[in-house]
$ cat query.txt   # compact mmCIF, C-alpha atoms
# COMPACT_ATOMS: atom_id res chain seq x y z
CA MET A 1 1.35 -25.53 -74.83
CA ARG A 2 2.26 -22.07 -73.59
CA SER A 3 -1.27 -21.50 -72.32
CA ALA A 4 -1.15 -24.78 -70.41
CA LEU A 5 2.15 -23.77 -68.81
CA ARG A 6 0.71 -20.39 -67.80
CA PHE A 7 -2.30 -22.13 -66.29
CA VAL A 8 -0.07 -24.41 -64.20
CA LEU A 9 2.03 -21.42 -63.05
CA VAL A 10 -1.09 -19.52 -61.99
CA LEU A 11 -2.31 -22.57 -60.08
CA LEU A 12 1.05 -22.86 -58.31
CA TYR A 13 0.93 -19.15 -57.41
CA ILE A 14 -2.56 -19.47 -55.98
CA HIS A 15 -1.47 -22.51 -53.96
CA SER A 16 1.51 -20.65 -52.47
CA ALA A 17 -0.66 -17.58 -51.77
CA GLN A 18 -2.97 -19.77 -49.68
CA ALA A 19 -0.10 -20.29 -47.22
CA HIS A 20 -0.54 -16.63 -46.19
CA GLU A 21 -4.27 -16.86 -45.77
CA LEU A 22 -5.54 -16.77 -42.18
CA ARG A 23 -8.47 -18.94 -41.31
CA HIS A 24 -10.62 -19.19 -38.26
CA GLU A 25 -12.65 -21.92 -36.67
CA LEU A 26 -15.04 -21.83 -33.74
CA SER A 27 -15.27 -24.47 -31.04
CA GLN A 28 -16.45 -24.64 -27.45
CA SER A 29 -14.09 -25.85 -24.73
CA GLN A 30 -13.84 -25.70 -20.97
CA ALA A 31 -11.53 -22.78 -20.16
CA ILE A 32 -10.12 -21.80 -16.78
CA VAL A 33 -11.30 -18.29 -16.04
CA ILE A 34 -9.04 -16.25 -13.78
CA ARG A 35 -10.53 -13.02 -12.46
CA LEU A 36 -8.21 -10.31 -11.16
CA THR A 37 -9.60 -7.55 -8.95
CA TYR A 38 -8.35 -4.93 -6.56
CA ALA A 39 -9.12 -5.46 -2.89
CA ASP A 40 -12.38 -3.51 -3.18
CA ASN A 41 -13.49 -5.81 -6.02
CA THR A 42 -12.76 -3.25 -8.78
CA PRO A 43 -11.72 -5.30 -11.85
CA PHE A 44 -8.07 -5.25 -12.92
CA SER A 45 -9.23 -4.32 -16.44
CA PHE A 46 -7.23 -4.21 -19.67
CA GLU A 47 -3.91 -4.91 -17.95
CA THR A 48 -1.12 -7.12 -19.26
CA TYR A 49 -0.63 -10.70 -18.09
CA GLU A 50 1.60 -13.67 -18.88
CA ILE A 51 1.02 -17.36 -18.09
CA TYR A 52 4.06 -19.64 -17.83
CA PRO A 53 4.32 -23.40 -17.39
CA GLU A 54 6.16 -24.07 -14.12
CA GLY A 55 9.93 -23.98 -14.58
CA SER A 56 9.81 -22.26 -17.94
CA ASN A 57 10.56 -18.68 -18.92
CA LEU A 58 8.67 -19.03 -22.18
CA PRO A 59 5.06 -17.92 -21.74
CA THR A 60 2.23 -20.12 -22.98
CA GLN A 61 -0.18 -17.21 -23.15
CA VAL A 62 0.18 -13.44 -23.00
CA GLY A 63 -2.42 -10.73 -23.35
CA ARG A 64 -4.57 -8.26 -21.54
CA THR A 65 -7.39 -8.89 -19.11
CA ASP A 66 -10.89 -8.02 -20.36
CA SER A 67 -13.10 -5.24 -19.01
CA ALA A 68 -14.13 -7.46 -16.08
CA GLY A 69 -10.49 -8.27 -15.25
CA ARG A 70 -10.79 -11.83 -16.60
CA ILE A 71 -8.34 -14.14 -18.32
CA ALA A 72 -9.62 -17.20 -20.19
CA PHE A 73 -6.95 -19.90 -20.23
CA LEU A 74 -7.06 -23.32 -21.90
CA PRO A 75 -4.13 -25.37 -20.59
CA ASP A 76 -2.71 -27.74 -23.17
CA LYS A 77 -1.47 -30.16 -20.49
CA PRO A 78 -2.04 -30.83 -16.77
CA GLY A 79 0.47 -29.24 -14.42
CA ARG A 80 1.35 -26.10 -12.54
CA TRP A 81 1.14 -22.65 -14.10
CA ARG A 82 2.47 -19.27 -13.03
CA VAL A 83 0.43 -16.14 -13.74
CA LYS A 84 2.06 -12.72 -13.76
CA ALA A 85 -0.14 -9.66 -14.18
CA GLN A 86 0.97 -6.08 -13.99
CA SER A 87 -0.27 -2.56 -14.67
CA GLU A 88 1.76 0.42 -15.79
CA ASP A 89 1.52 2.08 -12.36
CA GLY A 90 3.13 -0.85 -10.58
CA HIS A 91 0.08 -2.76 -9.39
CA GLY A 92 -0.01 -6.45 -10.06
CA LEU A 93 0.55 -9.90 -8.68
CA GLU A 94 2.19 -13.21 -9.38
CA PHE A 95 0.67 -16.51 -8.34
CA ALA A 96 0.69 -20.18 -9.29
CA PHE A 97 -2.07 -22.73 -9.68
CA ALA A 98 -2.35 -26.34 -10.70
CA THR A 99 -4.60 -27.96 -13.26
CA GLY A 100 -5.37 -31.65 -13.23
CA ALA A 101 -6.25 -33.90 -16.15
CA SER A 102 -9.95 -33.47 -15.48
CA SER A 103 -10.36 -30.78 -12.86
CA GLY A 104 -9.72 -27.07 -12.90
CA PRO A 105 -7.97 -25.02 -10.23
CA MET A 106 -9.52 -24.32 -6.86
CA ALA A 107 -11.16 -20.92 -6.48
CA THR A 108 -9.10 -18.60 -4.32
CA GLY A 109 -11.53 -15.74 -3.82
CA GLN A 110 -11.46 -13.90 -0.53
CA SER A 111 -14.57 -12.89 1.38
CA LEU A 112 -14.99 -9.47 2.98
CA TYR A 113 -14.95 -11.18 6.38
CA ASP A 114 -11.56 -12.77 5.57
CA ARG A 115 -10.12 -9.43 4.51
CA TYR A 116 -11.37 -7.26 7.38
CA GLY A 117 -10.80 -10.01 9.90
CA ARG A 118 -7.18 -10.10 8.83
CA ILE A 119 -6.91 -6.29 9.08
CA LEU A 120 -8.13 -6.55 12.68
CA ALA A 121 -5.62 -9.33 13.30
CA GLY A 122 -2.89 -7.09 11.86
CA VAL A 123 -3.85 -4.21 14.15
CA ALA A 124 -3.88 -6.55 17.15
CA LEU A 125 -0.45 -7.88 16.19
CA ILE A 126 1.01 -4.36 15.89
CA LEU A 127 -0.39 -3.36 19.28
CA GLY A 128 0.90 -6.61 20.77
CA LEU A 129 4.40 -6.04 19.38
CA PHE A 130 4.47 -2.54 20.82
CA GLY A 131 3.24 -3.93 24.13
CA LEU A 132 6.19 -6.31 24.17
CA PHE A 133 8.52 -3.43 23.32
CA ASN A 134 6.99 -1.49 26.22
CA LEU A 135 7.78 -4.36 28.58
CA TYR A 136 11.34 -4.38 27.25
CA LEU A 137 11.67 -0.63 27.89
CA LYS A 138 10.26 -1.01 31.41
CA GLY A 139 12.79 -3.76 32.06
CA LYS A 140 15.57 -1.51 30.80
CA HIS A 141 14.47 1.55 32.78
CA PRO A 142 12.45 0.19 35.74
CA MET B 1 2.17 1.85 -4.34
CA HIS B 2 3.71 -1.28 -2.82
CA ILE B 3 5.78 -3.19 -5.34
CA PRO B 4 4.71 -6.87 -5.47
CA ASP B 5 6.94 -9.93 -5.90
CA GLY B 6 8.12 -10.66 -9.42
CA PHE B 7 8.43 -7.02 -10.50
CA LEU B 8 12.03 -6.38 -9.45
CA SER B 9 15.24 -8.03 -10.61
CA PRO B 10 17.71 -9.47 -8.06
CA GLN B 11 20.15 -6.76 -9.24
CA THR B 12 17.70 -4.33 -7.66
CA TYR B 13 16.37 -6.00 -4.54
CA LEU B 14 19.60 -7.58 -3.24
CA PRO B 15 21.52 -4.27 -2.97
CA ALA B 16 18.34 -2.68 -1.58
CA TYR B 17 18.22 -5.34 1.17
CA ALA B 18 21.90 -4.69 2.00
CA LEU B 19 21.27 -0.94 2.25
CA ALA B 20 18.01 -1.34 4.19
CA ALA B 21 19.60 -3.80 6.66
CA GLY B 22 22.21 -1.20 7.63
CA LEU B 23 19.62 1.55 7.93
CA TRP B 24 17.26 -0.68 9.97
CA TRP B 25 20.14 -1.33 12.38
CA VAL B 26 20.83 2.41 12.75
CA ALA B 27 17.11 3.15 13.17
CA ALA B 28 16.65 0.36 15.76
CA ARG B 29 19.51 1.78 17.88
CA ARG B 30 17.98 5.27 17.74
CA LEU B 31 14.53 3.91 18.53
CA ARG B 32 15.82 2.04 21.58
CA SER B 33 17.60 5.10 22.97
CA GLN B 34 14.96 7.74 22.14
CA LEU B 35 11.64 6.03 22.74
CA ASP B 36 10.21 5.98 26.25
CA ALA B 37 7.19 4.31 27.81
CA GLU B 38 5.29 7.61 27.63
CA ARG B 39 5.44 7.95 23.82
CA LEU B 40 5.23 4.28 22.97
CA PRO B 41 1.41 3.85 23.18
CA TRP B 42 0.98 6.86 20.85
CA LEU B 43 3.43 5.40 18.38
CA ALA B 44 1.63 2.04 18.57
CA ALA B 45 -1.74 3.69 17.87
CA VAL B 46 -0.47 5.73 14.88
CA THR B 47 1.40 2.72 13.47
CA ALA B 48 -1.80 0.66 13.68
CA LEU B 49 -3.65 3.52 11.95
CA ALA B 50 -1.02 3.59 9.18
CA PHE B 51 -1.48 -0.17 8.73
CA VAL B 52 -5.25 0.21 8.35
CA LEU B 53 -4.89 3.19 5.96
CA MET B 54 -2.47 1.25 3.76
CA MET B 55 -4.90 -1.68 3.60
CA LEU B 56 -7.89 0.38 2.45
CA ALA B 57 -7.58 1.11 -1.27
CA LEU B 58 -9.65 3.79 -2.96
CA PRO B 59 -10.60 3.01 -6.57
CA LEU B 60 -9.58 5.57 -9.21
CA PRO B 61 -11.28 6.27 -12.55
CA GLY B 62 -9.56 4.09 -15.14
CA GLY B 63 -9.38 1.01 -12.95
CA SER B 64 -6.40 1.73 -10.73
CA SER B 65 -6.47 2.34 -6.98
CA VAL B 66 -4.62 4.38 -4.38
CA HIS B 67 -4.46 4.36 -0.59
CA ALA B 68 -3.50 6.75 2.17
CA ALA B 69 -0.46 5.83 4.26
CA GLY B 70 -0.10 7.93 7.41
CA ILE B 71 3.67 8.19 6.85
CA ALA B 72 3.81 11.97 7.35
CA LEU B 73 1.73 11.61 10.50
CA LEU B 74 4.39 9.28 11.88
CA ALA B 75 7.35 11.36 10.64
CA VAL B 76 6.10 14.72 11.93
CA ASN B 77 5.03 13.41 15.33
CA PHE B 78 7.76 10.85 16.06
CA GLY B 79 10.76 11.71 13.86
CA ILE B 80 12.13 10.31 10.62
CA TRP B 81 13.97 7.24 11.98
CA THR B 82 11.10 6.15 14.21
CA SER B 83 8.73 6.58 11.28
CA PHE B 84 11.06 4.52 9.07
CA MET B 85 10.95 1.63 11.56
CA ALA B 86 7.19 1.86 12.06
CA VAL B 87 6.47 1.93 8.31
CA SER B 88 8.93 -0.95 7.77
CA LEU B 89 7.04 -2.99 10.39
CA VAL B 90 3.73 -2.24 8.66
CA LEU B 91 5.15 -3.17 5.24
CA ALA B 92 6.65 -6.39 6.60
CA MET B 93 3.32 -7.41 8.11
CA GLN B 94 1.47 -6.56 4.91
CA ALA B 95 3.90 -8.62 2.83
CA LEU B 96 3.98 -11.61 5.18
CA LEU B 97 0.33 -11.76 6.29
CA PHE B 98 -1.57 -10.28 3.36
CA GLY B 99 0.62 -10.64 0.28
CA VAL B 100 0.34 -6.86 -0.20
CA GLY B 101 3.76 -5.82 -1.47
CA GLY B 102 6.32 -8.50 -2.12
CA VAL B 103 8.77 -10.09 0.29
CA THR B 104 11.55 -9.64 -2.28
CA ALA B 105 10.47 -6.01 -2.77
CA LEU B 106 10.17 -5.30 0.97
CA ALA B 107 13.51 -3.48 1.22
CA VAL B 108 12.75 -1.26 -1.79
CA ASN B 109 9.27 -0.53 -0.44
CA ALA B 110 10.69 0.26 3.02
CA LEU B 111 13.38 2.54 1.61
CA ALA B 112 10.97 4.37 -0.70
CA LEU B 113 7.91 4.63 1.55
CA GLY B 114 9.46 4.35 5.00
CA LEU B 115 12.71 6.26 4.66
CA ALA B 116 12.29 8.60 1.67
CA GLY B 117 8.63 9.27 2.49
CA SER B 118 9.41 10.04 6.13
CA ALA B 119 12.45 12.15 5.23
CA ALA B 120 10.47 14.16 2.65
CA ALA B 121 7.68 14.75 5.18
CA GLY B 122 10.11 15.68 7.95
CA LEU B 123 11.97 18.08 5.67
CA ALA B 124 8.78 19.75 4.41
CA TRP B 125 7.59 20.11 8.00
CA ARG B 126 10.88 21.70 9.15
CA ILE B 127 11.06 24.11 6.20
CA PHE B 128 7.45 25.33 6.19
CA GLN B 129 6.51 25.04 9.89
CA PRO B 130 7.93 28.52 10.73
CA ILE B 131 5.77 30.01 7.95
CA HIS B 132 2.45 28.25 8.67
CA ALA B 133 1.98 25.08 10.70
CA GLY B 134 -1.17 23.91 8.87
CA LEU B 135 0.36 24.46 5.45
CA ALA B 136 3.54 22.68 6.58
CA LEU B 137 1.51 19.62 7.64
CA ILE B 138 -0.37 19.52 4.32
CA LEU B 139 2.89 19.82 2.37
CA ALA B 140 4.50 17.16 4.57
CA GLY B 141 1.65 14.79 3.73
CA TRP B 142 1.86 15.61 0.03
CA ALA B 143 5.64 15.09 -0.05
CA SER B 144 5.36 11.78 1.85
CA VAL B 145 3.30 10.38 -1.03
CA VAL B 146 4.84 12.01 -4.10
CA VAL B 147 8.52 11.38 -3.28
CA PRO B 148 8.06 7.60 -2.74
CA ALA B 149 5.89 7.45 -5.88
CA ALA B 150 8.71 9.06 -7.89
CA ILE B 151 11.29 6.64 -6.46
CA ILE B 152 9.10 3.60 -7.14
CA ALA B 153 8.37 4.86 -10.67
CA VAL B 154 12.12 5.11 -11.33
CA VAL B 155 12.89 1.71 -9.78
CA LEU B 156 10.15 0.05 -11.84
CA GLY B 157 10.94 2.01 -15.00
CA ILE B 158 14.62 0.98 -15.08
CA GLN B 159 13.80 -2.76 -14.83
CA PRO B 160 13.54 -3.28 -18.63
CA VAL B 161 17.02 -1.74 -18.99
CA ILE B 162 18.78 -3.68 -16.25
CA ALA B 163 17.05 -7.06 -16.59
CA HIS B 164 16.22 -8.41 -20.04
CA ASP B 165 16.96 -11.52 -22.10
CA PRO B 166 19.33 -11.55 -25.12
CA THR B 167 16.47 -10.52 -27.42
CA GLY B 168 15.76 -7.46 -25.26
CA ARG B 169 12.53 -8.82 -23.75
CA PRO B 170 12.13 -7.54 -20.15
CA LEU B 171 12.39 -10.34 -17.59
CA PHE B 172 10.60 -8.48 -14.81
CA PHE B 173 8.58 -5.24 -14.95
CA PRO B 174 8.06 -4.50 -18.66
CA PHE B 175 7.25 -0.76 -18.79
CA GLY B 176 9.89 1.97 -19.07
CA LEU B 177 10.25 5.34 -17.37
CA SER B 178 8.14 7.14 -19.98
CA VAL B 179 5.20 5.00 -18.82
CA THR B 180 5.86 4.58 -15.08
CA LEU B 181 6.61 8.21 -14.20
CA PRO B 182 3.27 9.67 -15.38
CA ALA B 183 1.34 6.54 -14.33
CA LEU B 184 2.53 6.88 -10.73
CA LEU B 185 3.15 10.59 -10.31
CA ILE B 186 -0.13 12.00 -11.64
CA PRO B 187 -2.52 10.01 -9.37
CA HIS B 188 -0.21 10.31 -6.37
CA ALA B 189 0.16 14.09 -6.82
CA LEU B 190 -3.63 14.24 -6.38
CA LEU B 191 -3.71 11.66 -3.60
CA GLY B 192 -1.01 13.70 -1.84
CA LEU B 193 -3.52 16.47 -1.20
CA GLY B 194 -5.75 14.00 0.66
CA GLU B 195 -2.73 12.69 2.57
CA GLY B 196 -1.85 16.30 3.43
CA LEU B 197 -5.30 16.91 4.89
CA LEU B 198 -5.09 13.62 6.78
CA THR B 199 -1.71 14.65 8.23
CA TRP B 200 -3.07 18.02 9.30
CA LEU B 201 -6.25 16.65 10.89
CA GLY B 202 -4.42 13.66 12.38
CA THR B 203 -1.77 15.84 14.02
CA LEU B 204 -4.42 18.21 15.43
CA THR B 205 -6.32 15.23 16.85
CA LEU B 206 -3.14 13.75 18.34
CA GLU B 207 -2.27 17.06 20.00
CA ARG B 208 -5.74 17.36 21.53
CA LEU B 209 -5.65 13.78 22.78
CA ARG B 210 -2.19 14.28 24.27
CA LEU B 211 -3.30 17.47 26.04
CA ARG B 212 -6.32 15.64 27.43
CA HIS B 213 -4.09 12.76 28.48
CA VAL B 214 -1.65 15.12 30.26
CA ALA B 215 -4.49 17.05 31.92
$ encode --input "query.txt" --output "structure tokens"
Amino acid sequence: MRSALRFVLVLLYIHSAQAHELRHELSQSQAIVIRLTYADNTPFSFETYEIYPEGSNLPTQVGRTDSAGRIAFLPDKPGRWRVKAQSEDGHGLEFAFATGASSGPMATGQSLYDRYGRILAGVALILGLFGLFNLYLKGKHP
Amino acid sequence: MHIPDGFLSPQTYLPAYALAAGLWWVAARRLRSQLDAERLPWLAAVTALAFVLMMLALPLPGGSSVHAAGIALLAVNFGIWTSFMAVSLVLAMQALLFGVGGVTALAVNALALGLAGSAAAGLAWRIFQPIHAGLALILAGWASVVVPAAIIAVVLGIQPVIAHDPTGRPLFFPFGLSVTLPALLIPHALLGLGEGLLTWLGTLTLERLRLRHVA
């Protein structure tokens, strides 16, 4: 009788110990891959990021980007998401994207032409603003 | 070095905007009274150069990046307040047109880079110019990078202390001063040497061009 009781107790112990066991399973799903890079295309590698559902301060996913600056994200529902990524030296960004029930987010990559075209536009705008200021000064002291 | 949106708490950027608004007003009045049609094209050209320099990032080993700024070039050649306004204009355009540096962080960026950077450069120039003009320009360039980096490191590093939830989790920038100070100061102390050389060569070039223009 005592032996039977011990056997039952051991079984119960083993059962409770299983609650602390970690398991793993492998599956393949469609993830949204976000790639973060500096302007010169250098990857934003091994930096911290957080992904929040819109309107919530509780992140759905936190972690670090991989060596290629990528984040793999599997949204558990359609909607808008906010990504916040930051490095220790103050680089980083915050942006939002939407996921639909069946489609992923639109790619937002920027071509070199976009970037340098906008730098030229910025230079032109600065020179234009100073030109206007020059006209103002000439009007003040003709 | 520009702080993006989402890194600073409102307790930081709202007082910074109040302070910057007053200083922008003072600087605009000085600019209007001091600047003439003769100097304006030069200021426009150097401001445009500063904009381009700030947009071109150089990758660093370890994955980060730095960029030159041209702040000392502006401060030494046009004065601290004029440089503050010019750098503020560049930062505003970068934030609004390119998303480089945040709109909420614009005042902090302008105070750190535009005002403190220009003041540090102007001071270094005034102190060391009687000893050696070239050395003074290099030190002005170095100071214009390192002083803003120190200020930005402090502003970022105090965010976990001044803005966190009841459990102590930072709501904005998550790293403290022990991380931000070395992370920003070490690369910018090296970059400062390059900025110093740029300031020296840039000022020499400006002087030659001005002489040619006058002749």
$ residues_around --input "query.txt" --residues "Ile126 in chain A" --least-positions-apart "5" --cutoff "9 Å" --atoms "all atoms listed in the file" --output "JSON, numbers by chain"
{"A": [121, 131], "B": [44, 45, 47, 48, 51, 89, 90, 93]}
$ interface_residues --input "query.txt" --of "chain A" --to "chain B" --cutoff "8 Å" --atoms "all atoms listed in the file" --output "PyMOL selection string"
chain A and resi 38-40+42-45+84+86+88-94+118-119+122-123+126-127+130+134+137-138
$ residues_around --input "query.txt" --residues "Phe95 in chain A" --least-positions-apart "5" --cutoff "9 Å" --atoms "all atoms listed in the file" --output "ChimeraX atom specification"
/A:81-84
$ write_last_selection --input "query.txt" --atoms "C-alpha atoms" --output "mmCIF file, keeping the file's coordinate frame"
data_model
loop_
_atom_site.group_PDB
_atom_site.id
_atom_site.type_symbol
_atom_site.label_atom_id
_atom_site.label_comp_id
_atom_site.auth_asym_id
_atom_site.auth_seq_id
_atom_site.Cartn_x
_atom_site.Cartn_y
_atom_site.Cartn_z
ATOM 1 C CA TRP A 81 1.140 -22.650 -14.100
ATOM 2 C CA ARG A 82 2.470 -19.270 -13.030
ATOM 3 C CA VAL A 83 0.430 -16.140 -13.740
ATOM 4 C CA LYS A 84 2.060 -12.720 -13.760
#
$ closest_residue --input "query.txt" --among "B:Ala72, B:Val145, B:Leu139, B:Met54" --to "Ile186 in chain B" --atoms "all atoms listed in the file"
B:Val145
$ atom_distance --input "query.txt" --atom1 "CA of Ser9 in chain B" --atom2 "CA of Val161 in chain B"
10.6 Å
$ residues_around --input "query.txt" --residues "Ala75 in chain B" --least-positions-apart "3" --cutoff "7 Å" --atoms "all atoms listed in the file" --output "number ranges by chain"
B: 71-72, 78-80, 83, 118, 121-122
$ residues_near_point --input "query.txt" --point "(-11.8, -25.3, -19.1)" --cutoff "8 Å" --atoms "only C-alpha atoms" --output "PyMOL selection string"
chain A and resi 29-33+73-75+104
$ atom_distance --input "query.txt" --atom1 "CA of Glu25 in chain A" --atom2 "CA of Lys77 in chain A"
21.3 Å
$ atom_distance --input "query.txt" --atom1 "CA of Ile131 in chain B" --atom2 "CA of Leu113 in chain B"
26.3 Å
$ build_atoms --input "query.txt" --residues "range 114-123 of chain B" --atoms "all heavy atoms" --output "PDB file, in the coordinates of the input"
ATOM      1  N   GLY B 114       9.101   4.127   3.598  1.00  0.00           N
ATOM      2  CA  GLY B 114       9.460   4.350   5.000  1.00  0.00           C
ATOM      3  C   GLY B 114      10.506   5.420   5.174  1.00  0.00           C
ATOM      4  O   GLY B 114      10.320   6.353   5.968  1.00  0.00           O
ATOM      5  N   LEU B 115      11.612   5.311   4.446  1.00  0.00           N
ATOM      6  CA  LEU B 115      12.710   6.260   4.660  1.00  0.00           C
ATOM      7  C   LEU B 115      12.528   7.540   3.847  1.00  0.00           C
ATOM      8  O   LEU B 115      12.501   8.639   4.408  1.00  0.00           O
ATOM      9  CB  LEU B 115      14.047   5.593   4.329  1.00  0.00           C
ATOM     10  CG  LEU B 115      15.259   6.433   4.713  1.00  0.00           C
ATOM     11  CD1 LEU B 115      15.317   6.685   6.221  1.00  0.00           C
ATOM     12  CD2 LEU B 115      16.551   5.786   4.259  1.00  0.00           C
ATOM     13  N   ALA B 116      12.396   7.394   2.516  1.00  0.00           N
ATOM     14  CA  ALA B 116      12.290   8.600   1.670  1.00  0.00           C
ATOM     15  C   ALA B 116      10.988   9.346   1.963  1.00  0.00           C
ATOM     16  O   ALA B 116      10.985  10.584   2.019  1.00  0.00           O
ATOM     17  CB  ALA B 116      12.369   8.207   0.201  1.00  0.00           C
ATOM     18  N   GLY B 117       9.908   8.630   2.178  1.00  0.00           N
ATOM     19  CA  GLY B 117       8.630   9.270   2.490  1.00  0.00           C
ATOM     20  C   GLY B 117       8.701  10.019   3.813  1.00  0.00           C
ATOM     21  O   GLY B 117       8.250  11.173   3.912  1.00  0.00           O
ATOM     22  N   SER B 118       9.289   9.378   4.812  1.00  0.00           N
ATOM     23  CA  SER B 118       9.410  10.040   6.130  1.00  0.00           C
ATOM     24  C   SER B 118      10.350  11.224   6.044  1.00  0.00           C
ATOM     25  O   SER B 118      10.082  12.288   6.635  1.00  0.00           O
ATOM     26  CB  SER B 118       9.937   9.044   7.169  1.00  0.00           C
ATOM     27  OG  SER B 118       9.085   7.940   7.264  1.00  0.00           O
ATOM     28  N   ALA B 119      11.474  11.056   5.331  1.00  0.00           N
ATOM     29  CA  ALA B 119      12.450  12.150   5.230  1.00  0.00           C
ATOM     30  C   ALA B 119      11.839  13.345   4.487  1.00  0.00           C
ATOM     31  O   ALA B 119      12.028  14.497   4.893  1.00  0.00           O
ATOM     32  CB  ALA B 119      13.708  11.660   4.504  1.00  0.00           C
ATOM     33  N   ALA B 120      11.102  13.075   3.413  1.00  0.00           N
ATOM     34  CA  ALA B 120      10.470  14.160   2.650  1.00  0.00           C
ATOM     35  C   ALA B 120       9.453  14.896   3.526  1.00  0.00           C
ATOM     36  O   ALA B 120       9.386  16.134   3.523  1.00  0.00           O
ATOM     37  CB  ALA B 120       9.792  13.592   1.409  1.00  0.00           C
ATOM     38  N   ALA B 121       8.685  14.128   4.301  1.00  0.00           N
ATOM     39  CA  ALA B 121       7.680  14.750   5.180  1.00  0.00           C
ATOM     40  C   ALA B 121       8.361  15.573   6.267  1.00  0.00           C
ATOM     41  O   ALA B 121       7.968  16.717   6.539  1.00  0.00           O
ATOM     42  CB  ALA B 121       6.808  13.667   5.804  1.00  0.00           C
ATOM     43  N   GLY B 122       9.403  14.981   6.883  1.00  0.00           N
ATOM     44  CA  GLY B 122      10.110  15.680   7.950  1.00  0.00           C
ATOM     45  C   GLY B 122      10.745  16.970   7.456  1.00  0.00           C
ATOM     46  O   GLY B 122      10.700  18.005   8.126  1.00  0.00           O
ATOM     47  N   LEU B 123      11.321  16.906   6.259  1.00  0.00           N
ATOM     48  CA  LEU B 123      11.970  18.080   5.670  1.00  0.00           C
ATOM     49  C   LEU B 123      10.941  19.171   5.363  1.00  0.00           C
ATOM     50  O   LEU B 123      11.156  20.356   5.689  1.00  0.00           O
ATOM     51  CB  LEU B 123      12.688  17.660   4.381  1.00  0.00           C
ATOM     52  CG  LEU B 123      13.807  18.566   3.889  1.00  0.00           C
ATOM     53  CD1 LEU B 123      14.941  18.642   4.902  1.00  0.00           C
ATOM     54  CD2 LEU B 123      14.335  18.077   2.549  1.00  0.00           C
TER      55      LEU B 123
END
